[in-house]
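Source file final01.txt; content: compact mmCIF, C-alpha atoms and all ligand atoms.
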# COMPACT_ATOMS: atom_id res chain seq x y z
CA MET R 24 22.75 -33.19 19.08
CA ASP R 25 22.66 -29.81 17.36
CA ASP R 26 22.89 -31.23 13.84
CA LEU R 27 19.34 -32.51 14.44
CA PHE R 28 16.14 -30.65 15.26
CA LEU R 29 12.72 -31.91 16.27
CA LYS R 30 9.91 -31.41 13.79
CA ASN R 31 6.26 -31.39 14.86
CA LEU R 32 4.22 -33.88 12.88
CA ASN R 33 0.69 -35.18 12.73
CA CYS R 34 0.07 -38.85 11.98
CA LEU R 35 -1.90 -39.26 8.73
CA ALA R 36 -3.41 -42.50 10.07
CA CYS R 37 -4.29 -42.04 13.78
CA LYS R 38 -4.17 -38.21 13.73
CA ASN R 39 -2.05 -37.98 16.89
CA ASP R 40 0.75 -35.42 17.12
CA PHE R 41 4.35 -36.46 17.59
CA GLN R 42 7.88 -35.21 17.01
CA SER R 43 10.67 -36.64 14.89
CA SER R 44 14.26 -35.56 14.26
CA LYS R 45 15.44 -34.10 10.95
CA VAL R 46 18.95 -33.01 9.97
CA ARG R 47 19.58 -29.27 9.82
CA ARG R 48 20.32 -28.21 6.24
CA SER R 49 23.46 -26.37 7.33
CA LYS R 50 24.88 -29.53 8.97
CA TYR R 51 25.36 -31.78 5.96
CA SER R 52 26.84 -31.49 2.49
CA VAL R 53 27.02 -33.77 -0.54
CA ILE R 54 30.31 -35.59 -1.09
CA LYS R 55 29.37 -37.54 -4.22
CA VAL R 56 26.43 -39.00 -6.13
CA ASP R 57 26.38 -42.46 -7.77
CA THR R 58 24.89 -43.23 -11.17
CA ASP R 59 21.58 -44.25 -9.55
CA PHE R 60 21.53 -40.98 -7.52
CA CYS R 61 22.73 -42.62 -4.30
CA THR R 62 24.08 -39.62 -2.42
CA TYR R 63 26.94 -39.65 0.08
CA TYR R 64 26.84 -36.95 2.72
CA ARG R 65 29.39 -35.38 5.00
CA GLY R 66 27.65 -35.31 8.36
CA GLU R 67 24.47 -37.15 9.28
CA ASN R 68 22.62 -38.73 6.32
CA PRO R 69 19.37 -36.73 5.95
CA LEU R 70 17.73 -39.64 4.12
CA PHE R 71 17.84 -41.67 7.36
CA TYR R 72 15.19 -39.27 8.67
CA ASN R 73 12.87 -39.05 5.64
CA THR R 74 10.34 -41.58 6.93
CA ASN R 75 8.26 -40.55 9.90
CA ILE R 76 7.22 -43.30 12.30
CA CYS R 77 4.22 -42.54 14.49
CA PRO R 78 4.98 -43.70 18.06
CA HIS R 79 1.24 -44.05 18.78
CA CYS R 80 0.17 -46.43 16.00
CA GLY R 81 3.37 -47.39 14.16
CA TYR R 82 2.32 -45.84 10.85
CA GLY R 83 5.29 -44.98 8.62
CA PHE R 84 5.05 -42.25 5.99
CA THR R 85 6.98 -39.63 4.08
CA GLU R 86 5.85 -36.24 2.79
CA ASN R 87 4.89 -37.94 -0.49
CA PHE R 88 2.18 -40.07 1.13
CA ARG R 89 -1.51 -39.39 0.61
CA THR R 90 -3.77 -39.30 3.65
CA PRO R 91 -5.19 -42.84 3.89
CA GLY R 92 -8.95 -43.22 3.42
CA GLU R 93 -11.24 -44.83 5.97
CA LYS R 94 -10.77 -48.38 4.70
CA ALA R 95 -7.00 -48.04 4.54
CA ARG R 96 -6.91 -46.54 8.05
CA GLU R 97 -8.81 -49.57 9.30
CA ALA R 98 -6.36 -51.94 7.59
CA ILE R 99 -3.42 -49.99 9.06
CA ALA R 100 -4.95 -50.09 12.56
CA ASN R 101 -5.50 -53.86 12.25
CA GLN R 102 -2.18 -54.83 10.72
CA ILE R 103 0.37 -52.31 11.99
CA SER R 104 1.56 -52.12 15.60
CA PRO R 105 3.65 -49.43 17.23
CA PHE R 106 7.37 -50.18 17.55
CA SER R 107 8.95 -50.60 20.97
CA LEU R 108 11.97 -48.78 19.49
CA ASP R 109 12.36 -45.00 19.59
CA PHE R 110 12.49 -43.44 16.11
CA SER R 111 12.31 -39.84 17.25
CA GLY R 112 16.01 -39.25 17.94
CA ARG R 113 19.26 -40.09 16.19
CA ARG R 114 18.90 -43.01 13.77
CA ASN R 115 21.41 -45.67 12.92
CA LEU R 116 21.32 -47.83 9.78
CA ASP R 117 19.02 -50.42 11.38
CA LEU R 118 16.43 -47.83 12.41
CA ALA R 119 16.58 -46.13 9.00
CA VAL R 120 16.04 -49.45 7.22
CA LEU R 121 13.18 -50.46 9.56
CA ALA R 122 11.50 -47.08 9.03
CA ASN R 123 11.56 -47.38 5.24
CA LYS R 124 10.37 -51.00 5.31
CA ARG R 125 7.45 -49.96 7.54
CA ALA R 126 6.62 -47.13 5.11
CA VAL R 127 6.49 -49.64 2.24
CA GLU R 128 4.12 -51.85 4.29
CA CYS R 129 1.85 -48.87 4.92
CA ALA R 130 2.09 -47.84 1.26
CA GLN R 131 0.87 -51.34 0.30
CA LEU R 132 -2.07 -51.13 2.75
CA GLN R 133 -3.23 -47.82 1.31
CA ASN R 134 -2.54 -48.66 -2.35
CA GLU R 135 0.10 -46.01 -2.84
CA LYS R 136 1.83 -45.72 -6.19
CA ASP R 137 4.49 -48.28 -7.09
CA ILE R 138 6.94 -45.48 -7.78
CA LEU R 139 6.73 -44.42 -4.13
CA LYS R 140 7.50 -47.97 -2.93
CA ALA R 141 10.33 -48.18 -5.47
CA SER R 142 12.00 -45.04 -4.15
CA LEU R 143 11.69 -46.21 -0.51
CA TYR R 144 13.38 -49.52 -1.37
CA LEU R 145 16.01 -47.78 -3.51
CA GLN R 146 16.95 -45.70 -0.47
CA VAL R 147 17.32 -48.88 1.62
CA ALA R 148 19.68 -50.26 -1.07
CA TRP R 149 21.70 -47.03 -0.83
CA PHE R 150 21.88 -47.25 2.98
CA TYR R 151 23.42 -50.73 2.65
CA ARG R 152 25.77 -49.64 -0.15
CA ILE R 153 27.12 -46.78 1.95
CA GLU R 154 27.59 -49.31 4.77
CA GLY R 155 29.42 -51.69 2.39
CA ASP R 156 26.87 -54.53 2.65
CA GLU R 157 26.66 -55.59 -1.01
CA GLU R 158 24.47 -58.62 -0.43
CA ALA R 159 21.74 -56.65 1.35
CA GLU R 160 22.12 -53.83 -1.20
CA LYS R 161 21.33 -56.26 -4.06
CA ILE R 162 18.18 -57.54 -2.33
CA TYR R 163 16.76 -54.02 -2.14
CA LEU R 164 17.97 -52.96 -5.60
CA GLU R 165 15.94 -55.91 -6.86
CA GLU R 166 12.86 -54.75 -4.87
CA ALA R 167 13.28 -51.24 -6.27
CA ARG R 168 13.70 -52.60 -9.80
CA HIS R 169 10.50 -54.63 -9.39
CA PHE R 170 8.42 -51.63 -8.31
CA TYR R 171 9.89 -49.26 -10.94
CA SER R 172 9.04 -51.88 -13.52
CA GLU R 173 5.46 -52.18 -12.17
CA ALA R 174 5.18 -48.39 -12.27
CA PHE R 175 6.42 -48.28 -15.86
CA GLU R 176 3.98 -51.03 -16.94
CA LYS R 177 0.88 -49.85 -15.09
CA ASP R 178 1.12 -46.22 -14.00
CA LYS R 179 -0.03 -43.95 -16.82
CA GLU R 180 0.49 -40.79 -14.79
CA ILE R 181 4.26 -40.94 -14.26
CA THR R 182 5.56 -37.41 -14.76
CA ASN R 183 9.30 -38.14 -14.93
CA ILE R 184 9.25 -41.13 -17.26
CA GLY R 185 12.80 -40.42 -18.49
CA ARG R 186 14.17 -40.76 -14.98
CA VAL R 187 12.17 -43.97 -14.32
CA LEU R 188 13.43 -45.56 -17.56
CA TYR R 189 16.97 -44.45 -16.79
CA LEU R 190 16.77 -45.98 -13.29
CA LEU R 191 15.37 -49.22 -14.72
CA GLY R 192 18.39 -49.22 -17.02
CA ASP R 193 20.92 -48.52 -14.29
CA LEU R 194 19.38 -50.85 -11.68
CA ASN R 195 19.29 -53.69 -14.22
CA ARG R 196 22.93 -52.92 -15.09
CA ARG R 197 23.89 -53.05 -11.41
CA LEU R 198 22.02 -56.36 -11.04
CA GLY R 199 23.85 -57.85 -14.01
CA ASN R 200 20.80 -57.89 -16.34
CA ASP R 201 22.60 -56.30 -19.28
CA LYS R 202 19.95 -57.11 -21.88
CA GLU R 203 17.21 -55.40 -19.88
CA ALA R 204 19.55 -52.52 -19.04
CA ILE R 205 20.23 -51.89 -22.73
CA PHE R 206 16.51 -52.04 -23.51
CA TYR R 207 15.63 -49.32 -21.00
CA LEU R 208 18.67 -47.12 -21.67
CA GLY R 209 17.89 -47.38 -25.38
CA ARG R 210 14.37 -46.14 -24.68
CA VAL R 211 15.76 -43.07 -22.91
CA ILE R 212 18.17 -42.35 -25.77
CA ASN R 213 15.73 -42.96 -28.64
CA ASP R 214 12.32 -41.92 -27.29
CA LYS R 215 11.64 -38.51 -28.83
CA THR R 216 9.13 -37.63 -26.09
CA ILE R 217 11.91 -37.63 -23.48
CA ASN R 218 13.55 -34.22 -23.54
CA ASP R 219 15.71 -34.23 -20.45
CA PRO R 220 19.27 -33.68 -21.76
CA GLY R 221 20.90 -34.61 -18.42
CA ILE R 222 19.13 -37.97 -18.23
CA ILE R 223 19.80 -38.72 -21.93
CA ARG R 224 23.52 -37.99 -21.42
CA MET R 225 23.61 -40.28 -18.35
CA ALA R 226 21.82 -43.04 -20.29
CA ARG R 227 24.49 -42.83 -23.03
CA GLU R 228 27.22 -43.08 -20.37
CA ARG R 229 25.65 -46.20 -18.79
CA TRP R 230 25.20 -47.74 -22.23
CA GLN R 231 28.93 -47.14 -22.77
CA ASP R 232 29.75 -48.64 -19.33
CA ILE R 233 28.00 -51.88 -20.33
CA ARG R 234 29.86 -52.06 -23.66
CA GLU R 235 33.18 -51.55 -21.89
CA ASP R 236 32.55 -54.22 -19.22
ZN ZN V 301 -0.33 -42.79 14.21
As a first step, turn the structure in this file into structure tokens.
Amino acid sequence: MDDLFLKNLNCLACKNDFQSSKVRRSKYSVIKVDTDFCTYYRGENPLFYNTNICPHCGYGFTENFRTPGEKAREAIANQISPFSLDFSGRRNLDLAVLANKRAVECAQLQNEKDILKASLYLQVAWFYRIEGDEEAEKIYLEEARHFYSEAFEKDKEITNIGRVLYLLGDLNRRLGNDKEAIFYLGRVINDKTINDPGIIRMARERWQDIRED
């Protein structure tokens, strides 16, 4: 088990301490990255361990979560129950998916940003893609697309708007919505306020992919 180590954590909801496994940085390397940033690793997938699940109350969170306020903590205590499964050790696909779905539930209960929910669902889509389950992958790509779109429409504080627009373009392309894909990729290419050359180059490539299909 020496590719994993136990990290000490404190639950943001019930405040109890617990431990959860993480992958040692020296024990994995990147094999390749897809156009939507889905990353394939040699060794254990570190993304399987991103979401912490509190064994005491069942709260699921990542390092990007805010500490829930009193009202949200009450809602979490009322609506979330601890799992009977052990999330602290090695995780398979099922545990990784369950962990991220629980984190989205908790994110909803504490009104976290849509972009956070989008990235949790995008990871679930990646887990299924790596496993070769295209049908399940599509379901979660659609969930991710929905929340990125909500973020784009409603969240005025998005810092990496170029990346969000690019992902909306690529996720729509992957879901077969070419018209929407072209709309968002066009925004990345033509919006003068986006000055991320890497993202603009990738948007041009995806635009080309659609034309060649
Ligand atoms: Zn807890």
Quiz item: Looking at all atoms listed in the file, which of R:Phe71, R:Phe106, R:Tyr189, R:Phe60 is the one that sits closest to Ile223 in chain R?
Solution: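 That would be R:Tyr189, the residue with the smallest distance to Ile223 in chain R.
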Quiz item: Interatomic distance between CA of Ile212 in chain R and CA of Trp149 in chain R?
Solution: 25.6 Å
Practice problem: Tell me which protein, DNA and RNA residues are within 8 Å of Ala204 in chain R, counting only C-alpha atoms, leaving out same-chain ones fewer than 3 positions away, and put them as number ranges by chain. | Solution: R: 191-196, 200-201, 207-208
Quiz item: If you count all atoms listed in the file, which residues fall within 12 Å of Gly221 in chain R, apart from same-chain ones fewer than 3 positions away, as a list in words?
Solution: Thr58, Gly185, Arg186, Tyr189, Val211, Ile212, Ile217, Asn218, Arg224, Met225, Ala226, Arg227 and Glu228 of chain R
Using all atoms listed in the file, find each residue of chain R with at least one atom at most 7 Å away from an atom of ligand ZN 301 (chain V); report its shortest atom-to-atom pair and that distance in Å (one decimal), sort the rows by chain and rising residue number, and return the result as a Markdown table.
| residue | atom | partner | partner_atom | distance |
| --- | --- | --- | --- | --- |
| R:Cys34 | CA | V:ZN301 | ZN | 4.5 |
| R:Leu35 | CA | V:ZN301 | ZN | 6.7 |
| R:Ala36 | CA | V:ZN301 | ZN | 5.2 |
| R:Cys37 | CA | V:ZN301 | ZN | 4.1 |
| R:Lys38 | CA | V:ZN301 | ZN | 6.0 |
| R:Asn39 | CA | V:ZN301 | ZN | 5.8 |
| R:Cys77 | CA | V:ZN301 | ZN | 4.6 |
| R:Pro78 | CA | V:ZN301 | ZN | 6.6 |
| R:His79 | CA | V:ZN301 | ZN | 5.0 |
| R:Cys80 | CA | V:ZN301 | ZN | 4.1 |
| R:Gly81 | CA | V:ZN301 | ZN | 5.9 |
| R:Tyr82 | CA | V:ZN301 | ZN | 5.3 |
Quiz item: CA of Arg114 in chain R to CA of Asp137 in chain R: how many Å, to one decimal?
Solution: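 If I compute the distance from CA of Arg114 in chain R to CA of Asp137 in chain R, I get 25.9 Å.
Neighbouring residues of range 46-52 of chain R at 9 Å or closer, counting all atoms listed in the file and skipping chain neighbours under 5 positions away, are Asp25, Asp26, Leu27, Phe28, Leu29, Tyr63, Tyr64, Arg65, Gly66, Glu67, Asn68, Pro69, Leu70 and Tyr72 of chain R.
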Quiz prompt | Point-to-point distance from CA of Gln42 in chain R to CA of Gln131 in chain R, Å rounded to tenths | solution =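 CA of Gln131 in chain R lies 24.3 Å from CA of Gln42 in chain R.
Remark: for Asn123 in chain R, the closest of the candidate residues R:Val147, R:Lys136, R:Ile222, R:Phe170 is R:Val147 (distances computed over all atoms listed in the file).
Candidate residues R:Asp117, R:Glu166, R:Glu135, R:Asp109 were compared for distance to Asn87 in chain R, and the nearest is R:Glu135, using all atoms listed in the file.
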Quiz item: Between R:Leu116, R:Thr182, R:Ile138, R:Glu93, which one has atoms that come closest to Phe150 in chain R, using all atoms listed in the file?
Solution: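 For Phe150 in chain R, the nearest of the given residues is R:Leu116.
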Quiz item: For Leu139 in chain R, which residue among R:Glu203, R:Asp178, R:Asp40, R:Asp232 is the nearest when counting all atoms listed in the file?
Solution: R:Asp178
Could you work out an axis-aligned box for range 210-221 of chain R, taking every atom the file lists and adding 8 Å on each side, and report centre and edge lengths in Å to one decimal, as JSON?
{"center_x": 15.0, "center_y": -39.9, "center_z": -23.6, "size_x": 27.8, "size_y": 28.5, "size_z": 26.4}
